[in-house]
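Next up, structure00.txt (compact mmCIF, C-alpha atoms):
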```
# COMPACT_ATOMS: atom_id res chain seq x y z
CA ASP A 1 -14.30 -2.66 2.44
CA ALA A 2 -16.11 0.16 0.66
CA LYS A 3 -15.20 1.12 -2.90
CA THR A 4 -13.49 4.48 -3.35
CA THR A 5 -13.50 6.68 -6.44
CA GLN A 6 -10.75 9.17 -7.29
CA PRO A 7 -10.03 11.33 -10.33
CA PRO A 8 -7.33 9.70 -12.47
CA SER A 9 -5.12 12.77 -12.59
CA MET A 10 -4.71 16.29 -11.21
CA ASP A 11 -2.11 18.98 -11.24
CA CYS A 12 -1.23 21.97 -9.13
CA ALA A 13 1.42 24.66 -9.00
CA GLU A 14 4.41 24.35 -6.71
CA GLY A 15 3.81 26.16 -3.42
CA ARG A 16 0.04 26.00 -3.71
CA ALA A 17 -2.26 23.67 -1.84
CA ALA A 18 -3.10 20.37 -3.50
CA ASN A 19 -6.61 19.15 -2.72
CA LEU A 20 -7.18 15.52 -3.69
CA PRO A 21 -10.80 14.33 -3.50
CA CYS A 22 -12.06 10.84 -2.78
CA ASN A 23 -15.61 9.55 -2.92
CA HIS A 24 -16.63 6.67 -0.65
CA SER A 25 -20.40 6.89 -0.63
CA THR A 26 -20.95 3.32 0.63
CA ILE A 27 -18.55 3.56 3.56
CA SER A 28 -19.82 2.02 6.78
CA GLY A 29 -19.62 3.54 10.24
CA ASN A 30 -16.52 1.68 11.35
CA GLU A 31 -14.47 1.94 8.18
CA TYR A 32 -11.48 4.22 8.25
CA VAL A 33 -10.22 6.27 5.32
CA TYR A 34 -6.53 5.82 4.58
CA TRP A 35 -4.27 7.72 2.21
CA TYR A 36 -1.04 6.43 0.74
CA ARG A 37 1.16 7.72 -2.04
CA GLN A 38 3.64 6.11 -4.38
CA ILE A 39 6.48 8.19 -5.75
CA HIS A 40 7.76 6.89 -9.07
CA SER A 41 8.57 3.19 -8.63
CA GLN A 42 9.13 3.24 -4.88
CA GLY A 43 7.01 1.32 -2.38
CA PRO A 44 3.87 3.18 -1.27
CA GLN A 45 4.15 5.51 1.70
CA TYR A 46 1.51 5.95 4.39
CA ILE A 47 0.27 9.53 4.69
CA ILE A 48 -2.68 9.75 7.07
CA HIS A 49 -5.91 8.07 8.13
CA GLY A 50 -9.12 9.04 9.87
CA LEU A 51 -12.58 7.86 10.88
CA LYS A 52 -14.83 10.92 11.13
CA ASN A 53 -12.84 13.75 12.58
CA ASN A 54 -10.48 15.84 10.54
CA GLU A 55 -6.87 14.82 10.99
CA THR A 56 -3.57 16.61 10.49
CA ASN A 57 0.01 15.47 10.65
CA GLU A 58 3.34 16.73 9.41
CA MET A 59 2.61 15.55 5.87
CA ALA A 60 -1.00 16.46 5.20
CA SER A 61 -4.51 17.17 6.42
CA LEU A 62 -7.52 14.91 5.94
CA ILE A 63 -10.96 16.44 5.78
CA ILE A 64 -13.88 13.99 6.02
CA THR A 65 -17.40 15.25 5.32
CA GLU A 66 -19.96 14.99 8.08
CA ASP A 67 -21.87 12.24 6.24
CA ARG A 68 -18.52 10.48 5.62
CA LYS A 69 -19.35 9.91 1.97
CA SER A 70 -16.29 11.77 0.77
CA SER A 71 -12.96 13.11 1.93
CA THR A 72 -10.18 15.41 0.77
CA LEU A 73 -6.46 15.05 1.28
CA ILE A 74 -4.76 18.42 1.49
CA LEU A 75 -1.06 18.98 0.89
CA PRO A 76 -0.80 22.58 2.14
CA HIS A 77 2.28 23.68 0.18
CA ALA A 78 2.94 21.22 -2.62
CA THR A 79 6.52 20.72 -3.79
CA LEU A 80 7.89 18.96 -6.85
CA ARG A 81 8.69 15.99 -4.61
CA ASP A 82 4.96 15.55 -3.97
CA THR A 83 4.46 14.40 -7.57
CA ALA A 84 3.14 10.87 -7.08
CA VAL A 85 0.14 8.59 -7.32
CA TYR A 86 -2.16 9.08 -4.33
CA TYR A 87 -4.38 6.25 -3.14
CA CYS A 88 -7.52 6.63 -1.03
CA ILE A 89 -8.56 3.38 0.69
CA ALA A 90 -11.53 2.54 2.90
CA ARG A 91 -10.77 -0.20 5.38
CA PHE A 92 -12.24 -1.68 8.55
CA ALA A 93 -9.97 -1.28 11.56
CA SER A 94 -10.12 -5.04 12.07
CA SER A 95 -9.42 -5.82 8.42
CA TYR A 96 -6.18 -7.56 7.66
CA LYS A 97 -6.09 -6.46 4.06
CA LEU A 98 -5.17 -3.20 2.37
CA ILE A 99 -6.63 -3.12 -1.14
CA PHE A 100 -5.38 -0.46 -3.53
CA GLY A 101 -7.43 1.09 -6.32
CA SER A 102 -6.11 3.03 -9.28
CA GLY A 103 -5.42 6.28 -7.40
CA THR A 104 -4.91 9.88 -8.55
CA ARG A 105 -1.75 10.85 -10.37
CA LEU A 106 -0.76 14.27 -9.01
CA LEU A 107 1.64 16.38 -11.02
CA VAL A 108 3.14 19.38 -9.24
CA ARG A 109 4.20 22.01 -11.80
CA PRO A 110 7.17 24.33 -11.25
CA ASN B 111 16.03 -0.43 12.65
CA ALA B 112 16.09 -1.45 8.98
CA GLY B 113 12.31 -1.46 8.37
CA VAL B 114 11.19 -3.88 5.64
CA THR B 115 14.02 -5.54 3.72
CA GLN B 116 13.41 -7.31 0.43
CA THR B 117 15.92 -9.47 -1.40
CA PRO B 118 16.89 -9.72 -4.16
CA LYS B 119 16.26 -6.30 -5.72
CA PHE B 120 16.39 -7.66 -9.27
CA GLN B 121 15.92 -11.17 -10.65
CA VAL B 122 15.63 -12.76 -14.07
CA LEU B 123 14.09 -16.21 -14.25
CA LYS B 124 13.45 -18.64 -17.05
CA THR B 125 9.95 -19.97 -17.56
CA GLY B 126 9.36 -22.94 -15.27
CA GLN B 127 12.02 -22.06 -12.72
CA SER B 128 11.11 -21.61 -9.08
CA MET B 129 12.42 -19.09 -6.62
CA THR B 130 11.74 -17.44 -3.29
CA LEU B 131 11.48 -13.71 -2.72
CA GLN B 132 12.61 -12.83 0.76
CA CYS B 133 10.98 -10.28 3.07
CA ALA B 134 12.06 -9.45 6.59
CA GLN B 135 10.96 -6.76 9.05
CA ASP B 136 12.46 -5.80 12.39
CA MET B 137 9.55 -3.76 13.78
CA ASN B 138 7.68 -6.64 15.43
CA HIS B 139 4.71 -6.02 13.15
CA GLU B 140 1.85 -8.53 13.26
CA TYR B 141 0.61 -7.96 9.71
CA MET B 142 2.64 -8.71 6.59
CA SER B 143 1.55 -8.69 2.96
CA TRP B 144 2.85 -9.29 -0.54
CA TYR B 145 1.76 -7.18 -3.52
CA ARG B 146 2.58 -7.18 -7.19
CA GLN B 147 2.54 -4.15 -9.44
CA ASP B 148 2.51 -4.52 -13.19
CA PRO B 149 3.74 -1.61 -15.37
CA GLY B 150 1.38 1.35 -15.22
CA MET B 151 -0.99 -0.44 -12.87
CA GLY B 152 -1.93 -0.31 -9.22
CA LEU B 153 -0.87 -2.76 -6.54
CA ARG B 154 -2.65 -6.08 -6.21
CA LEU B 155 -2.61 -8.14 -3.03
CA ILE B 156 -1.16 -11.65 -3.44
CA HIS B 157 -1.09 -13.11 0.08
CA TYR B 158 -1.14 -11.73 3.58
CA SER B 159 -0.48 -12.88 7.13
CA VAL B 160 -1.88 -11.70 10.45
CA GLY B 161 0.76 -13.43 12.54
CA ALA B 162 3.20 -16.32 12.69
CA GLY B 163 1.60 -19.49 11.38
CA ILE B 164 -1.39 -17.69 9.83
CA THR B 165 -1.63 -16.81 6.14
CA ASP B 166 -4.44 -16.16 3.70
CA GLN B 167 -5.02 -15.42 0.03
CA GLY B 168 -5.39 -11.97 -1.44
CA GLU B 169 -6.70 -10.89 -4.86
CA VAL B 170 -4.21 -12.74 -7.08
CA PRO B 171 -2.80 -15.76 -5.19
CA ASN B 172 -2.47 -18.27 -8.04
CA GLY B 173 1.09 -19.37 -8.74
CA TYR B 174 2.41 -18.20 -5.37
CA ASN B 175 2.89 -19.80 -1.98
CA VAL B 176 3.70 -18.19 1.35
CA SER B 177 4.49 -19.28 4.88
CA ARG B 178 5.14 -17.38 8.09
CA SER B 179 7.12 -19.38 10.59
CA THR B 180 8.39 -16.30 12.45
CA THR B 181 7.06 -12.81 13.10
CA GLU B 182 9.99 -11.30 11.20
CA ASP B 183 9.99 -13.23 7.91
CA PHE B 184 7.39 -13.68 5.17
CA PRO B 185 8.87 -15.33 2.06
CA LEU B 186 7.00 -15.54 -1.24
CA ARG B 187 7.58 -18.61 -3.39
CA LEU B 188 7.01 -18.78 -7.12
CA LEU B 189 6.39 -22.44 -7.88
CA SER B 190 6.87 -22.46 -11.66
CA ALA B 191 7.59 -19.02 -13.06
CA ALA B 192 5.60 -17.76 -16.04
CA PRO B 193 6.07 -14.61 -18.15
CA SER B 194 2.77 -13.30 -16.72
CA GLN B 195 4.51 -13.09 -13.35
CA THR B 196 6.91 -10.44 -14.62
CA SER B 197 6.24 -7.61 -12.21
CA VAL B 198 7.53 -5.57 -9.28
CA TYR B 199 6.85 -7.28 -5.98
CA PHE B 200 6.41 -5.31 -2.77
CA CYS B 201 6.35 -6.64 0.75
CA ALA B 202 4.70 -4.61 3.51
CA SER B 203 4.18 -4.85 7.26
CA SER B 204 2.08 -3.11 9.88
CA TYR B 205 0.88 -3.16 13.44
CA SER B 206 -2.69 -4.30 13.80
CA GLY B 207 -5.57 -1.95 14.54
CA THR B 208 -5.58 1.80 14.34
CA GLY B 209 -4.42 2.82 17.79
CA ASN B 210 -1.48 5.00 18.65
CA ARG B 211 0.95 2.33 17.49
CA TYR B 212 -0.48 2.44 13.97
CA TYR B 213 1.58 4.32 11.43
CA GLY B 214 0.28 2.57 8.37
CA TYR B 215 1.89 -0.14 6.37
CA THR B 216 5.65 0.11 5.81
CA PHE B 217 6.66 -1.05 2.36
CA GLY B 218 9.93 -2.50 1.17
CA SER B 219 11.76 -1.13 -1.86
CA GLY B 220 10.57 -3.93 -4.10
CA THR B 221 11.91 -6.84 -6.13
CA ARG B 222 11.88 -6.39 -9.90
CA LEU B 223 11.27 -9.80 -11.45
CA THR B 224 11.49 -10.63 -15.13
CA VAL B 225 10.45 -14.06 -16.40
CA VAL B 226 11.69 -14.91 -19.89
```

As a first step, turn the structure in this file into structure tokens.
Amino acid sequence: DAKTTQPPSMDCAEGRAANLPCNHSTISGNEYVYWYRQIHSQGPQYIIHGLKNNETNEMASLIITEDRKSSTLILPHATLRDTAVYYCIARFASSYKLIFGSGTRLLVRP
Amino acid sequence: NAGVTQTPKFQVLKTGQSMTLQCAQDMNHEYMSWYRQDPGMGLRLIHYSVGAGITDQGEVPNGYNVSRSTTEDFPLRLLSAAPSQTSVYFCASSYSGTGNRYYGYTFGSGTRLTVV
């Protein structure tokens, strides 16, 4: 699975969009990009995943660049409850393993 | 539908003791995994299973054993507890693949283990 690189921390104001970047320059054609988050000491929570098309669900949007070397997770209207560590993971669809990196600690300010 | 259930939630062990952390899921998921998370750190994969009777090692398997005799259960055994195994342990499960049944891994609420 390709290595991903994320900034260690970010912050945004409540009600504004939070844009979390992820670099995966060595990703291969059949690796998906997954996003999870971990709020405080809870178990991680799946957010969204995609291969090459942009994806949107009730939680977030995922924008993947055309060359697939990077992606951005967008929380359109961040709330205080979105304060968490966000993990970007590259993984083959057939892979059995989900390997976490160090993630981005997002702080949403009142 | 309870999701992923981990027991116990808290445990204190003495060095050298053995114990089993329990994990059960009722979603008929093929994949199950165990992770540990040390304070201020990310999650590290200990062992995983792709189905009943099939297990494999993750990033940090030493000191732990697993078995998967049923689809529902994936217990983690600490053979001889050491203070370095003080951590929060998370169990997770998922459908295989990425099709329309895939909603990512579902994680349990964790077991907080202290070895003294």

### All residues 6 Å or closer to Ala84 of chain A, only C-alpha atoms, same chain fewer than 3 positions away omitted, as number ranges by chain
A: 38-39, 105-106

### Query
From the set A:Cys88, A:Ile27, A:Leu80, A:Ala93, which residue has the shortest atom-to-atom contact distance to chain B, counting only C-alpha atoms?
A:Ala93

Pull out every residue of chain B sitting within 6 Å of chain A, counting all atoms listed in the file, and send them as a compact mmCIF listing (two decimals) with C-alpha atoms, in the frame of the given file.
```
# COMPACT_ATOMS: atom_id res chain seq x y z
CA GLY B 152 -1.93 -0.31 -9.22
CA LEU B 153 -0.87 -2.76 -6.54
CA GLY B 207 -5.57 -1.95 14.54
CA GLY B 214 0.28 2.57 8.37
CA PHE B 217 6.66 -1.05 2.36
CA GLY B 218 9.93 -2.50 1.17
CA SER B 219 11.76 -1.13 -1.86
```

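Between atom CA of Lys3 of chain A and atom CA of Tyr145 of chain B the interatomic distance comes to 18.9 Å.
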
### Summary
re atom CA of Ser143 of chain B and atom CA of Gln121 of chain B: distance 19.9 Å

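When atom CA of Arg146 of chain B is paired with atom CA of Gln127 of chain B, their separation reads 18.5 Å.
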
### Task
Write out as number ranges by chain which residues come within 9 Å of Thr26 of chain A when counting all atoms listed in the file, dropping same-chain ones fewer than 6 positions away.
A: 2-4, 69

### Within 6 Å of Ser204 of chain B using only C-alpha atoms, minus same-chain residues under 6 positions, as a VMD selection string
chain B and resid 139 141 215

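If only C-alpha atoms are the atoms counted, then among B:Ser197, B:Thr216, B:Thr221, B:Ser206 the closest residue to Gly150 of chain B is B:Ser197.
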
What's around Ala18 of chain A at 7 Å? Count only C-alpha atoms, leave out sequence neighbours fewer than 3 positions away in its own chain, and write the answer as an mmCIF file with C-alpha atoms, in the frame of the given file.
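Heads up, here's the output in part15.cif:
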```
data_model
loop_
_atom_site.group_PDB
_atom_site.id
_atom_site.type_symbol
_atom_site.label_atom_id
_atom_site.label_comp_id
_atom_site.auth_asym_id
_atom_site.auth_seq_id
_atom_site.Cartn_x
_atom_site.Cartn_y
_atom_site.Cartn_z
ATOM 1 C CA CYS A 12 -1.230 21.970 -9.130
ATOM 2 C CA ILE A 74 -4.760 18.420 1.490
ATOM 3 C CA LEU A 75 -1.060 18.980 0.890
ATOM 4 C CA PRO A 76 -0.800 22.580 2.140
ATOM 5 C CA ALA A 78 2.940 21.220 -2.620
#
```

### Query
Excluding same-chain residues fewer than 3 positions from Ser25 of chain A, what lies within 12 Å of it counting all atoms listed in the file, as JSON, numbers by chain?
{"A": [1, 2, 3, 4, 5, 6, 22, 28, 29, 31, 33, 64, 65, 66, 67, 68, 69, 70, 71, 90]}

### Task
Select, counting all atoms listed in the file, all protein, DNA and RNA residues no farther than 7 Å from (-5.7, 14.3, -11.4) in file coordinates, and express the selection as a list in words.
Pro7, Pro8, Ser9, Met10, Asp11, Thr104, Arg105 and Leu106 of chain A

Only C-alpha atoms, please: the residues just picked out, written as an mmCIF file, in the coordinates of the input.
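Below is the file that was written, out-v7.cif:
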```cif
data_model
loop_
_atom_site.group_PDB
_atom_site.id
_atom_site.type_symbol
_atom_site.label_atom_id
_atom_site.label_comp_id
_atom_site.auth_asym_id
_atom_site.auth_seq_id
_atom_site.Cartn_x
_atom_site.Cartn_y
_atom_site.Cartn_z
ATOM 1 C CA PRO A 7 -10.030 11.330 -10.330
ATOM 2 C CA PRO A 8 -7.330 9.700 -12.470
ATOM 3 C CA SER A 9 -5.120 12.770 -12.590
ATOM 4 C CA MET A 10 -4.710 16.290 -11.210
ATOM 5 C CA ASP A 11 -2.110 18.980 -11.240
ATOM 6 C CA THR A 104 -4.910 9.880 -8.550
ATOM 7 C CA ARG A 105 -1.750 10.850 -10.370
ATOM 8 C CA LEU A 106 -0.760 14.270 -9.010
#
```

### Task
May I have the protein, DNA and RNA residues with any atom at most 8 Å from the point (11.1, -13.7, 3.6), counting all atoms listed in the file, written as an MDAnalysis selection string?
chainID B and resid 116 130:134 183:186

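Nearest residue to Gly220 of chain B, choosing from B:Gly113, B:Pro118, B:Pro149, B:Gly173 and counting all atoms listed in the file: B:Pro118.
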
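The closest residue to Thr125 of chain B, picked from B:Met137, B:Leu223, B:Ala192, B:Cys201 and counting all atoms listed in the file, is B:Ala192.
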